[in-house]
file my_file_19.csv (CSV, C-alpha atoms)
chain,number,residue,atom,x,y,z
A,1,MET,CA,-37.6,12.3,0.8
A,2,SER,CA,-34.7,12.6,-1.6
A,3,SER,CA,-34.2,10.2,-4.6
A,4,TYR,CA,-31.5,8.5,-2.4
A,5,ASP,CA,-34.0,7.9,0.4
A,6,ASN,CA,-36.8,6.8,-2.0
A,7,GLU,CA,-34.6,4.3,-3.7
A,8,LEU,CA,-33.4,2.8,-0.4
A,9,ALA,CA,-36.9,2.5,0.9
A,10,GLY,CA,-38.0,0.9,-2.3
A,11,ILE,CA,-35.2,-1.7,-2.1
A,12,VAL,CA,-36.2,-2.7,1.4
A,13,ALA,CA,-39.9,-2.9,0.5
A,14,GLU,CA,-39.0,-5.0,-2.5
A,15,LEU,CA,-36.9,-7.4,-0.5
A,16,ASN,CA,-39.6,-7.9,2.1
A,17,ARG,CA,-42.1,-8.8,-0.6
A,18,ALA,CA,-39.6,-11.4,-2.0
A,19,ALA,CA,-38.5,-12.8,1.4
A,20,PRO,CA,-41.1,-12.5,4.2
A,21,GLY,CA,-39.6,-12.4,7.7
A,22,SER,CA,-38.7,-15.5,9.7
A,23,ARG,CA,-36.8,-16.2,12.9
A,24,THR,CA,-35.0,-19.2,11.4
A,25,SER,CA,-32.3,-19.4,8.8
A,26,GLN,CA,-33.5,-17.7,5.7
A,27,PRO,CA,-33.0,-19.8,2.5
A,28,ALA,CA,-31.0,-18.0,-0.2
A,29,THR,CA,-33.8,-17.8,-2.7
A,30,PRO,CA,-33.2,-16.0,-6.0
A,31,GLU,CA,-35.8,-13.4,-5.1
A,32,ALA,CA,-34.1,-12.6,-1.7
A,33,LEU,CA,-30.6,-12.4,-3.3
A,34,ALA,CA,-32.0,-10.2,-6.1
A,35,GLY,CA,-33.2,-7.7,-3.5
A,36,LEU,CA,-29.9,-7.8,-1.7
A,37,ASP,CA,-28.0,-7.3,-5.0
A,38,HIS,CA,-30.1,-4.2,-5.7
A,39,LEU,CA,-29.0,-2.7,-2.3
A,40,LEU,CA,-25.3,-3.7,-2.9
A,41,THR,CA,-25.4,-2.2,-6.4
A,42,PHE,CA,-26.8,1.0,-5.0
A,43,ALA,CA,-24.0,1.2,-2.4
A,44,VAL,CA,-21.3,0.7,-5.0
A,45,ARG,CA,-22.9,3.3,-7.3
A,46,GLN,CA,-22.8,5.8,-4.4
A,47,ASN,CA,-19.1,5.1,-3.7
A,48,ALA,CA,-20.0,4.0,-0.2
A,49,SER,CA,-17.3,2.2,1.8
A,50,ASP,CA,-19.7,0.5,4.2
A,51,LEU,CA,-23.3,-0.4,4.6
A,52,LEU,CA,-24.9,-0.8,8.0
A,53,VAL,CA,-28.0,-2.9,8.4
A,54,ILE,CA,-29.3,-2.6,12.0
A,55,ALA,CA,-32.9,-3.1,13.3
A,56,GLY,CA,-34.2,0.1,14.7
A,57,ALA,CA,-32.3,2.3,12.3
A,58,PRO,CA,-32.7,3.1,8.6
A,59,VAL,CA,-30.3,1.6,6.1
A,60,THR,CA,-27.1,3.6,6.5
A,61,MET,CA,-24.1,4.0,4.3
A,62,ARG,CA,-20.6,5.4,5.1
A,63,MET,CA,-19.3,7.8,2.4
A,64,ASN,CA,-16.1,9.7,2.7
A,65,GLY,CA,-15.7,8.5,6.2
A,66,ARG,CA,-19.1,9.9,7.4
A,67,LEU,CA,-22.3,8.0,8.0
A,68,SER,CA,-25.2,8.9,5.7
A,69,PRO,CA,-28.5,7.5,7.0
A,70,SER,CA,-31.5,7.5,4.7
A,71,GLU,CA,-34.7,9.2,5.8
A,72,GLY,CA,-36.5,6.0,5.0
A,73,PRO,CA,-38.3,3.9,7.7
A,74,ASP,CA,-36.3,2.2,10.4
A,75,LEU,CA,-35.5,-1.5,9.6
A,76,THR,CA,-37.4,-4.1,11.6
A,77,GLU,CA,-35.8,-7.3,12.9
A,78,ASP,CA,-37.2,-9.2,10.0
A,79,ASP,CA,-35.9,-6.6,7.5
A,80,ALA,CA,-32.4,-7.1,8.9
A,81,ARG,CA,-32.7,-10.9,8.7
A,82,ASN,CA,-34.1,-10.8,5.2
A,83,LEU,CA,-31.2,-8.7,4.0
A,84,LEU,CA,-28.4,-10.6,5.7
A,85,LEU,CA,-29.2,-14.3,6.3
A,86,PRO,CA,-29.4,-15.3,2.6
A,87,LEU,CA,-25.6,-14.7,2.4
A,88,LEU,CA,-24.8,-17.5,4.8
A,89,THR,CA,-24.3,-21.2,4.1
A,90,PRO,CA,-26.0,-23.6,6.5
A,91,LYS,CA,-22.6,-24.2,8.2
A,92,GLN,CA,-22.0,-20.4,8.6
A,93,TYR,CA,-25.5,-20.0,10.0
A,94,GLN,CA,-24.7,-22.6,12.6
A,95,GLU,CA,-21.5,-20.8,13.5
A,96,LEU,CA,-23.5,-17.5,13.9
A,97,GLN,CA,-25.9,-19.2,16.2
A,98,LYS,CA,-23.1,-20.7,18.2
A,99,ASP,CA,-20.7,-17.7,18.4
A,100,LYS,CA,-23.2,-14.9,17.9
A,101,SER,CA,-20.8,-13.3,15.3
A,102,ILE,CA,-19.2,-14.3,12.1
A,103,ASP,CA,-16.9,-12.6,9.5
A,104,ILE,CA,-17.2,-13.7,5.9
A,105,CYS,CA,-16.2,-12.3,2.4
A,106,PHE,CA,-18.5,-12.9,-0.5
A,107,THR,CA,-18.7,-12.0,-4.2
A,108,ARG,CA,-21.8,-11.0,-6.1
A,109,LYS,CA,-21.4,-11.4,-9.8
A,110,SER,CA,-21.2,-8.2,-11.8
A,111,ILE,CA,-21.4,-6.1,-8.5
A,112,GLY,CA,-18.2,-6.8,-6.6
A,113,ARG,CA,-16.6,-8.3,-3.5
A,114,PHE,CA,-17.7,-7.6,0.0
A,115,ARG,CA,-16.8,-8.3,3.6
A,116,LEU,CA,-19.6,-8.9,6.1
A,117,ASN,CA,-19.5,-8.9,9.9
A,118,LEU,CA,-22.8,-10.4,11.0
A,119,HIS,CA,-23.6,-10.2,14.7
A,120,HIS,CA,-26.3,-9.9,17.3
A,121,GLN,CA,-27.5,-6.8,19.1
A,122,ARG,CA,-30.6,-6.3,21.2
A,123,GLY,CA,-31.7,-9.8,20.3
A,124,SER,CA,-31.6,-9.3,16.6
A,125,VAL,CA,-29.1,-9.8,13.8
A,126,ALA,CA,-27.2,-6.8,12.5
A,127,GLY,CA,-24.5,-6.5,9.9
A,128,SER,CA,-21.7,-4.2,8.6
A,129,ILE,CA,-20.9,-4.8,5.0
A,130,ARG,CA,-17.6,-3.4,3.7
A,131,VAL,CA,-17.4,-2.7,0.0
A,132,LEU,CA,-14.0,-4.0,-1.2
A,133,PRO,CA,-12.2,-2.4,-4.2
A,134,SER,CA,-12.6,-4.2,-7.4
A,135,ARG,CA,-8.8,-4.0,-8.0
A,136,ILE,CA,-5.9,-4.3,-5.7
A,137,PRO,CA,-4.7,-0.8,-4.9
A,138,THR,CA,-1.2,0.5,-5.3
A,139,LEU,CA,0.7,2.5,-2.8
A,140,GLN,CA,0.4,5.5,-5.1
A,141,SER,CA,-3.4,5.2,-5.4
A,142,LEU,CA,-3.6,5.0,-1.6
A,143,HIS,CA,-1.6,8.2,-1.3
A,144,LEU,CA,1.0,6.5,0.8
A,145,PRO,CA,4.6,7.7,1.1
A,146,PRO,CA,7.1,6.4,-1.4
A,147,ALA,CA,9.4,5.3,1.5
A,148,LEU,CA,7.1,2.3,1.9
A,149,GLU,CA,8.1,0.9,-1.5
A,150,LYS,CA,11.5,-0.2,-0.2
A,151,LEU,CA,9.8,-2.6,2.2
A,152,ALA,CA,8.8,-4.7,-0.8
A,153,HIS,CA,12.5,-5.3,-1.5
A,154,ALA,CA,13.3,-6.7,2.0
A,155,ARG,CA,14.1,-10.4,2.2
A,156,GLN,CA,13.5,-11.0,5.9
A,157,GLY,CA,12.1,-9.2,8.9
A,158,LEU,CA,8.9,-8.0,10.4
A,159,VAL,CA,6.7,-5.3,8.9
A,160,LEU,CA,3.6,-4.2,11.0
A,161,ILE,CA,0.8,-2.0,9.8
A,162,THR,CA,-1.2,-0.6,12.7
A,163,GLY,CA,-4.3,1.5,13.2
A,164,SER,CA,-7.9,1.4,14.3
A,165,THR,CA,-10.6,-0.6,12.5
A,166,GLY,CA,-11.3,1.1,9.1
A,167,SER,CA,-8.0,2.8,8.9
A,168,GLY,CA,-7.0,1.1,5.7
A,169,LYS,CA,-4.5,-1.5,7.1
A,170,THR,CA,-5.7,-4.3,4.9
A,171,SER,CA,-5.5,-2.2,1.7
A,172,THR,CA,-1.9,-1.1,2.6
A,173,LEU,CA,-0.9,-4.7,3.1
A,174,ALA,CA,-2.6,-5.7,-0.2
A,175,ALA,CA,-0.7,-3.0,-2.0
A,176,LEU,CA,2.6,-4.0,-0.5
A,177,LEU,CA,2.0,-7.7,-1.3
A,178,ASP,CA,1.0,-6.8,-4.9
A,179,LEU,CA,4.2,-4.9,-5.4
A,180,ILE,CA,6.2,-7.9,-4.1
A,181,ASN,CA,4.2,-10.2,-6.4
A,182,THR,CA,5.1,-7.9,-9.3
A,183,LEU,CA,8.8,-7.4,-8.6
A,184,ARG,CA,9.9,-10.7,-7.2
A,185,ARG,CA,9.8,-14.5,-8.0
A,186,ASP,CA,8.8,-15.7,-4.5
A,187,HIS,CA,6.5,-18.0,-2.8
A,188,ILE,CA,4.0,-15.9,-0.9
A,189,VAL,CA,1.6,-17.4,1.6
A,190,THR,CA,-1.2,-15.3,3.3
A,191,ILE,CA,-3.2,-16.3,6.4
A,192,GLU,CA,-6.4,-14.2,6.6
A,193,ASP,CA,-9.7,-14.1,8.4
A,194,PRO,CA,-11.5,-13.7,6.0
A,195,ILE,CA,-9.7,-13.3,2.6
A,196,GLU,CA,-10.5,-9.8,1.3
A,197,TYR,CA,-8.2,-9.2,-1.7
A,198,VAL,CA,-7.7,-12.1,-4.1
A,199,HIS,CA,-4.1,-12.1,-5.5
A,200,ALA,CA,-3.5,-13.7,-8.8
A,201,ASN,CA,-0.1,-15.3,-9.5
A,202,ARG,CA,2.2,-12.8,-11.3
A,203,ASN,CA,6.0,-13.3,-11.0
A,204,SER,CA,5.4,-14.9,-7.6
A,205,ILE,CA,3.2,-17.9,-6.5
A,206,VAL,CA,0.6,-16.8,-4.1
A,207,GLU,CA,-1.3,-19.1,-1.7
A,208,GLN,CA,-4.1,-17.7,0.4
A,209,ILE,CA,-5.3,-19.6,3.5
A,210,GLU,CA,-8.5,-18.6,5.2
A,211,VAL,CA,-8.9,-19.1,9.0
A,212,GLY,CA,-11.9,-21.3,9.7
A,213,HIS,CA,-12.0,-22.7,6.2
A,214,ASP,CA,-8.5,-23.8,5.5
A,215,THR,CA,-7.0,-23.8,9.0
A,216,PRO,CA,-8.4,-23.6,12.6
A,217,ASP,CA,-6.4,-20.5,13.6
A,218,PHE,CA,-3.6,-18.1,12.9
A,219,ALA,CA,-1.0,-19.8,15.1
A,220,ASN,CA,-1.5,-23.3,13.6
A,221,ALA,CA,-1.3,-21.9,10.1
A,222,VAL,CA,1.9,-20.0,10.7
A,223,ARG,CA,3.6,-23.1,12.2
A,224,SER,CA,2.3,-25.2,9.3
A,225,ILE,CA,3.4,-22.9,6.5
A,226,LEU,CA,7.0,-22.7,7.7
A,227,ARG,CA,7.3,-26.2,6.3
A,228,GLN,CA,6.0,-25.0,2.9
A,229,THR,CA,9.2,-23.0,2.1
A,230,PRO,CA,7.5,-19.6,1.8
A,231,ASP,CA,9.6,-16.5,1.2
A,232,VAL,CA,6.9,-14.0,2.2
A,233,ILE,CA,4.2,-14.6,4.9
A,234,LEU,CA,1.3,-12.3,5.5
A,235,VAL,CA,-0.5,-12.8,8.8
A,236,GLY,CA,-3.8,-11.0,8.7
A,237,GLU,CA,-3.7,-10.1,12.4
A,238,MET,CA,-1.4,-10.9,15.3
A,239,ARG,CA,-4.2,-11.8,17.7
A,240,ASP,CA,-2.5,-13.7,20.5
A,241,ALA,CA,0.9,-14.5,22.1
A,242,GLU,CA,1.3,-17.8,20.2
A,243,THR,CA,0.8,-16.1,16.8
A,244,ILE,CA,3.1,-13.2,17.7
A,245,ALA,CA,5.9,-15.6,18.9
A,246,THR,CA,5.6,-17.7,15.8
A,247,ALA,CA,5.6,-14.7,13.5
A,248,LEU,CA,8.7,-13.3,15.3
A,249,THR,CA,10.5,-16.6,14.9
A,250,ALA,CA,9.6,-16.7,11.2
A,251,ALA,CA,10.9,-13.1,10.7
A,252,GLU,CA,14.2,-14.1,12.4
A,253,THR,CA,14.8,-17.2,10.3
A,254,GLY,CA,14.8,-15.8,6.8
A,255,HIS,CA,11.2,-14.9,6.0
A,256,LEU,CA,9.6,-11.5,5.3
A,257,VAL,CA,6.6,-11.3,7.6
A,258,LEU,CA,3.8,-8.7,7.1
A,259,SER,CA,1.0,-8.3,9.7
A,260,THR,CA,-1.3,-5.9,11.5
A,261,LEU,CA,-2.1,-4.7,15.0
A,262,HIS,CA,-4.8,-2.5,16.4
A,263,THR,CA,-2.8,0.4,17.9
A,264,ASN,CA,-2.8,4.1,17.2
A,265,ASP,CA,0.9,4.8,17.0
A,266,THR,CA,4.1,2.9,16.4
A,267,SER,CA,5.4,2.9,20.0
A,268,GLN,CA,2.1,1.5,21.2
A,269,ALA,CA,2.6,-1.4,18.8
A,270,VAL,CA,5.9,-2.3,20.6
A,271,SER,CA,4.0,-2.2,24.0
A,272,ARG,CA,1.1,-4.3,22.7
A,273,ILE,CA,3.4,-7.0,21.5
A,274,LEU,CA,5.3,-7.1,24.9
A,275,ASP,CA,2.1,-7.0,26.9
A,276,SER,CA,0.8,-10.1,25.2
A,277,PHE,CA,3.5,-12.1,27.1
A,278,PRO,CA,4.1,-12.7,30.8
A,279,SER,CA,6.7,-10.5,32.3
A,280,SER,CA,9.2,-13.4,32.6
A,281,ASN,CA,9.2,-13.7,28.8
A,282,GLN,CA,9.3,-10.0,27.8
A,283,ASN,CA,13.1,-9.6,27.7
A,284,GLN,CA,13.3,-12.5,25.3
A,285,ILE,CA,10.6,-11.0,23.1
A,286,ARG,CA,12.3,-7.6,23.2
A,287,GLN,CA,15.4,-9.2,21.9
A,288,GLN,CA,13.6,-11.0,19.1
A,289,LEU,CA,11.7,-7.9,18.1
A,290,SER,CA,14.9,-5.8,18.1
A,291,LEU,CA,16.5,-8.3,15.8
A,292,SER,CA,13.6,-8.8,13.4
A,293,LEU,CA,12.0,-5.4,13.2
A,294,LEU,CA,12.0,-3.8,9.7
A,295,ALA,CA,9.2,-1.2,10.1
A,296,ILE,CA,6.0,-0.3,11.9
A,297,VAL,CA,3.6,1.9,10.1
A,298,ALA,CA,0.7,3.5,12.0
A,299,GLN,CA,-2.1,5.0,9.9
A,300,GLN,CA,-5.4,6.7,10.0
A,301,LEU,CA,-7.7,8.0,7.3
A,302,VAL,CA,-8.4,11.7,7.6
A,303,PRO,CA,-11.3,13.6,5.8
A,304,ALA,CA,-10.2,15.7,2.9
A,305,ALA,CA,-10.5,19.5,3.0
A,306,ASP,CA,-13.0,19.6,0.2
A,307,GLY,CA,-15.2,16.9,1.9
A,308,THR,CA,-14.7,14.3,-0.9
A,309,GLY,CA,-12.6,11.4,0.1
A,310,ARG,CA,-10.0,10.8,2.8
A,311,TYR,CA,-6.2,10.9,3.0
A,312,PRO,CA,-3.9,8.6,5.0
A,313,ALA,CA,-1.9,10.2,7.8
A,314,VAL,CA,1.0,7.9,8.6
A,315,GLU,CA,3.6,7.4,11.2
A,316,ILE,CA,6.6,5.4,10.0
A,317,MET,CA,9.2,3.8,12.3
A,318,MET,CA,12.0,2.1,10.4
A,319,GLY,CA,14.0,-0.6,12.0
A,320,THR,CA,17.3,1.4,12.0
A,321,HIS,CA,20.2,0.5,14.3
A,322,ALA,CA,19.1,3.3,16.7
A,323,ILE,CA,15.4,2.1,16.8
A,324,ARG,CA,16.4,-1.5,17.4
A,325,ASN,CA,18.7,-0.5,20.2
A,326,LEU,CA,16.0,1.5,21.9
A,327,VAL,CA,13.6,-1.5,21.6
A,328,ARG,CA,16.2,-3.8,23.0
A,329,LYS,CA,17.0,-1.6,26.0
A,330,GLY,CA,13.4,-0.9,26.8
A,331,ALA,CA,13.6,2.8,26.1
A,332,ASP,CA,10.2,2.9,24.4
A,333,HIS,CA,9.7,6.5,25.6
A,334,GLN,CA,12.5,7.7,23.3
A,335,LEU,CA,11.0,6.1,20.2
A,336,TYR,CA,8.9,9.2,19.2
A,337,THR,CA,11.9,11.5,19.3
A,338,ALA,CA,13.9,9.0,17.2
A,339,ILE,CA,11.1,8.9,14.7
A,340,SER,CA,10.7,12.7,14.6
A,341,THR,CA,14.4,13.2,13.8
A,342,GLY,CA,14.7,10.2,11.4
A,343,ARG,CA,13.4,11.8,8.2
A,344,ALA,CA,16.7,10.9,6.4
A,345,GLU,CA,15.9,7.2,7.1
A,346,GLY,CA,12.4,7.4,5.8
A,347,MET,CA,10.7,8.0,9.2
A,348,ILE,CA,7.9,10.4,10.0
A,349,SER,CA,5.8,11.1,13.0
A,350,MET,CA,2.0,11.3,12.9
A,351,GLU,CA,2.2,15.0,13.7
A,352,GLN,CA,4.7,15.6,10.9
A,353,SER,CA,2.4,13.7,8.5
A,354,LEU,CA,-0.7,15.7,9.5
A,355,ALA,CA,1.2,19.0,9.2
A,356,GLU,CA,2.4,18.0,5.7
A,357,LEU,CA,-1.2,17.2,4.6
A,358,VAL,CA,-2.3,20.7,5.9
A,359,GLY,CA,0.6,22.3,4.0
A,360,PHE,CA,-0.4,20.6,0.8
A,361,GLY,CA,-4.0,21.8,1.3
A,362,LYS,CA,-5.3,18.2,1.5
A,363,ILE,CA,-6.8,18.6,4.9
A,364,THR,CA,-7.7,21.5,7.1
A,365,ARG,CA,-5.8,22.6,10.2
A,366,GLU,CA,-8.9,21.9,12.3
A,367,ILE,CA,-9.1,18.3,11.0
A,368,ALA,CA,-5.4,17.8,11.7
A,369,MET,CA,-5.8,19.0,15.3
A,370,ALA,CA,-8.8,16.6,15.8
A,371,HIS,CA,-6.7,13.6,14.6
A,372,CYS,CA,-3.5,14.2,16.5
A,373,SER,CA,-2.5,12.9,19.9
A,374,ARG,CA,0.3,15.5,20.6
A,375,SER,CA,-1.3,18.8,19.8
A,376,ASP,CA,1.8,20.8,21.0
A,377,GLU,CA,4.0,19.0,18.5
A,378,LEU,CA,1.5,19.5,15.7
A,379,VAL,CA,1.3,23.3,16.4
A,380,ARG,CA,5.1,23.4,16.3
A,381,TYR,CA,5.2,21.8,12.8
A,382,LEU,CA,2.3,24.0,11.5
A,383,ASN,CA,3.9,27.3,12.5

call {"tool": "encode", "arguments": {"input": "my_file_19.csv", "output": "structure tokens"}}
result
Amino acid sequence: MSSYDNELAGIVAELNRAAPGSRTSQPATPEALAGLDHLLTFAVRQNASDLLVIAGAPVTMRMNGRLSPSEGPDLTEDDARNLLLPLLTPKQYQELQKDKSIDICFTRKSIGRFRLNLHHQRGSVAGSIRVLPSRIPTLQSLHLPPALEKLAHARQGLVLITGSTGSGKTSTLAALLDLINTLRRDHIVTIEDPIEYVHANRNSIVEQIEVGHDTPDFANAVRSILRQTPDVILVGEMRDAETIATALTAAETGHLVLSTLHTNDTSQAVSRILDSFPSSNQNQIRQQLSLSLLAIVAQQLVPAADGTGRYPAVEIMMGTHAIRNLVRKGADHQLYTAISTGRAEGMISMEQSLAELVGFGKITREIAMAHCSRSDELVRYLN
């Protein structure tokens, strides 16, 4: 076994000695938390982005986008419980028992801040722990296009960041919000589930509302904060029709609204919004979206050519007059062409972005091909 594997195995063994297994809620004893802290410290030191704790598999970390399982022993059900349950309050444990899943963020002093999804699988608890950066990133540190900076100057409208889970949406939003916080004297209100990045007041005043703790759900929170005179509203995720409708109304009525969706490209985001509503309401939603749309940014994180780190490939659709007209008319099939030819307005297609990363030597041609959805377009840009 490597030193990496030996250390992980030693951490699990130490934790089990400190916190013997139980099928009830495990109290957060100092010994149990010390063992967990050892594991989290190890993950941070290895520059891991995620830590997977699943019974029947060894402790596994995600580094540079790839899973790196240890060669240590598979975790037992009690191992998983001993590692994860000490993080929960009694109320959170009750929620886990009721809903079988819970998302929380937590801070361990001198180690860092983390997000945990705790759930059940095969009758046992399992967890995915995301290591959150100690500092709020900048657009530059995330290697995002400078064209996104102008979104921080907008006074009203809707900005959507889309992508799959783990594509960096939350970090992009945090960087945009931090830029607004630095440049402007505004009232910023965020609604998140859970709160991942903690924003200190700079030139702006920032309020952060956590779903489940400060408000029952996103839709109620958005309706409520409109009475709090916000200038900028961040909605962590547009999960349902009520939240989407309220966010669109806020974007129409003088607020800058930032949010996310789980779609792979920008035109899919338009379809996802419309599909959330009955067909009888979709024309009205199209009209609202065409009036309020500032930008949709679809992103994915692509492994670097040298195997260390990842780079964002992004598709940017700006809410130009032409784009809004296509959305209003329902000509969604023409959006990709408009994006591909809109470089002067700050737009770029996913295939153009991937081709640029190849041209700069940041990713390989093979990786680009594996991450595109229009291979013929990508080949055209690469040649």

call {"tool": "residues_around", "arguments": {"input": "my_file_19.csv", "residues": "stretch 163-166 of chain A", "least_positions_apart": "5", "cutoff": "9 Å", "atoms": "all atoms listed in the file", "output": "VMD selection string"}}
result
chain A and resid 260 to 265 297 to 301

call {"tool": "atom_distance", "arguments": {"input": "my_file_19.csv", "atom1": "atom CA of A:Asn201", "atom2": "atom CA of A:Met318"}}
result
29.1 Å

call {"tool": "residues_near_point", "arguments": {"input": "my_file_19.csv", "point": "(-21.8, -6.3, 2.4)", "cutoff": "9 Å", "atoms": "all atoms listed in the file", "output": "PyMOL selection string"}}
result
chain A and resi 40+50-52+84+105-106+113-117+127-132

call {"tool": "atom_distance", "arguments": {"input": "my_file_19.csv", "atom1": "atom CA of A:Gln288", "atom2": "atom CA of A:Thr215"}}
result
26.3 Å

call {"tool": "residues_around", "arguments": {"input": "my_file_19.csv", "residues": "A:Leu293", "least_positions_apart": "3", "cutoff": "7 Å", "atoms": "all atoms listed in the file", "output": "PyMOL selection string"}}
result
chain A and resi 157-159+289-290+319

call {"tool": "closest_residue", "arguments": {"input": "my_file_19.csv", "among": "A:Lys109, A:Arg81, A:Arg374, A:Lys169", "to": "A:Leu142", "atoms": "only C-alpha atoms"}}
result
A:Lys169

call {"tool": "residues_near_point", "arguments": {"input": "my_file_19.csv", "point": "(-1.1, 13.8, 11.5)", "cutoff": "12 Å", "atoms": "only C-alpha atoms", "output": "PyMOL selection string"}}
result
chain A and resi 264-265+298-303+311-316+348-359+362-375+377-379+381-382

call {"tool": "write_last_selection", "arguments": {"input": "my_file_19.csv", "atoms": "C-alpha atoms", "output": "mmCIF file, keeping the file's coordinate frame"}}
result
data_model
loop_
_atom_site.group_PDB
_atom_site.id
_atom_site.type_symbol
_atom_site.label_atom_id
_atom_site.label_comp_id
_atom_site.auth_asym_id
_atom_site.auth_seq_id
_atom_site.Cartn_x
_atom_site.Cartn_y
_atom_site.Cartn_z
ATOM 1 C CA ASN A 264 -2.800 4.100 17.200
ATOM 2 C CA ASP A 265 0.900 4.800 17.000
ATOM 3 C CA ALA A 298 0.700 3.500 12.000
ATOM 4 C CA GLN A 299 -2.100 5.000 9.900
ATOM 5 C CA GLN A 300 -5.400 6.700 10.000
ATOM 6 C CA LEU A 301 -7.700 8.000 7.300
ATOM 7 C CA VAL A 302 -8.400 11.700 7.600
ATOM 8 C CA PRO A 303 -11.300 13.600 5.800
ATOM 9 C CA TYR A 311 -6.200 10.900 3.000
ATOM 10 C CA PRO A 312 -3.900 8.600 5.000
ATOM 11 C CA ALA A 313 -1.900 10.200 7.800
ATOM 12 C CA VAL A 314 1.000 7.900 8.600
ATOM 13 C CA GLU A 315 3.600 7.400 11.200
ATOM 14 C CA ILE A 316 6.600 5.400 10.000
ATOM 15 C CA ILE A 348 7.900 10.400 10.000
ATOM 16 C CA SER A 349 5.800 11.100 13.000
ATOM 17 C CA MET A 350 2.000 11.300 12.900
ATOM 18 C CA GLU A 351 2.200 15.000 13.700
ATOM 19 C CA GLN A 352 4.700 15.600 10.900
ATOM 20 C CA SER A 353 2.400 13.700 8.500
ATOM 21 C CA LEU A 354 -0.700 15.700 9.500
ATOM 22 C CA ALA A 355 1.200 19.000 9.200
ATOM 23 C CA GLU A 356 2.400 18.000 5.700
ATOM 24 C CA LEU A 357 -1.200 17.200 4.600
ATOM 25 C CA VAL A 358 -2.300 20.700 5.900
ATOM 26 C CA GLY A 359 0.600 22.300 4.000
ATOM 27 C CA LYS A 362 -5.300 18.200 1.500
ATOM 28 C CA ILE A 363 -6.800 18.600 4.900
ATOM 29 C CA THR A 364 -7.700 21.500 7.100
ATOM 30 C CA ARG A 365 -5.800 22.600 10.200
ATOM 31 C CA GLU A 366 -8.900 21.900 12.300
ATOM 32 C CA ILE A 367 -9.100 18.300 11.000
ATOM 33 C CA ALA A 368 -5.400 17.800 11.700
ATOM 34 C CA MET A 369 -5.800 19.000 15.300
ATOM 35 C CA ALA A 370 -8.800 16.600 15.800
ATOM 36 C CA HIS A 371 -6.700 13.600 14.600
ATOM 37 C CA CYS A 372 -3.500 14.200 16.500
ATOM 38 C CA SER A 373 -2.500 12.900 19.900
ATOM 39 C CA ARG A 374 0.300 15.500 20.600
ATOM 40 C CA SER A 375 -1.300 18.800 19.800
ATOM 41 C CA GLU A 377 4.000 19.000 18.500
ATOM 42 C CA LEU A 378 1.500 19.500 15.700
ATOM 43 C CA VAL A 379 1.300 23.300 16.400
ATOM 44 C CA TYR A 381 5.200 21.800 12.800
ATOM 45 C CA LEU A 382 2.300 24.000 11.500
#

call {"tool": "residues_around", "arguments": {"input": "my_file_19.csv", "residues": "A:Gln46", "least_positions_apart": "6", "cutoff": "10 Å", "atoms": "all atoms listed in the file", "output": "CSV table (one decimal) with C-alpha atoms, in the frame of the given file"}}
result
chain,number,residue,atom,x,y,z
A,4,TYR,CA,-31.5,8.5,-2.4
A,40,LEU,CA,-25.3,-3.7,-2.9
A,61,MET,CA,-24.1,4.0,4.3
A,62,ARG,CA,-20.6,5.4,5.1
A,63,MET,CA,-19.3,7.8,2.4

call {"tool": "atom_distance", "arguments": {"input": "my_file_19.csv", "atom1": "atom CA of A:Leu294", "atom2": "atom CA of A:Thr320"}}
result
7.8 Å
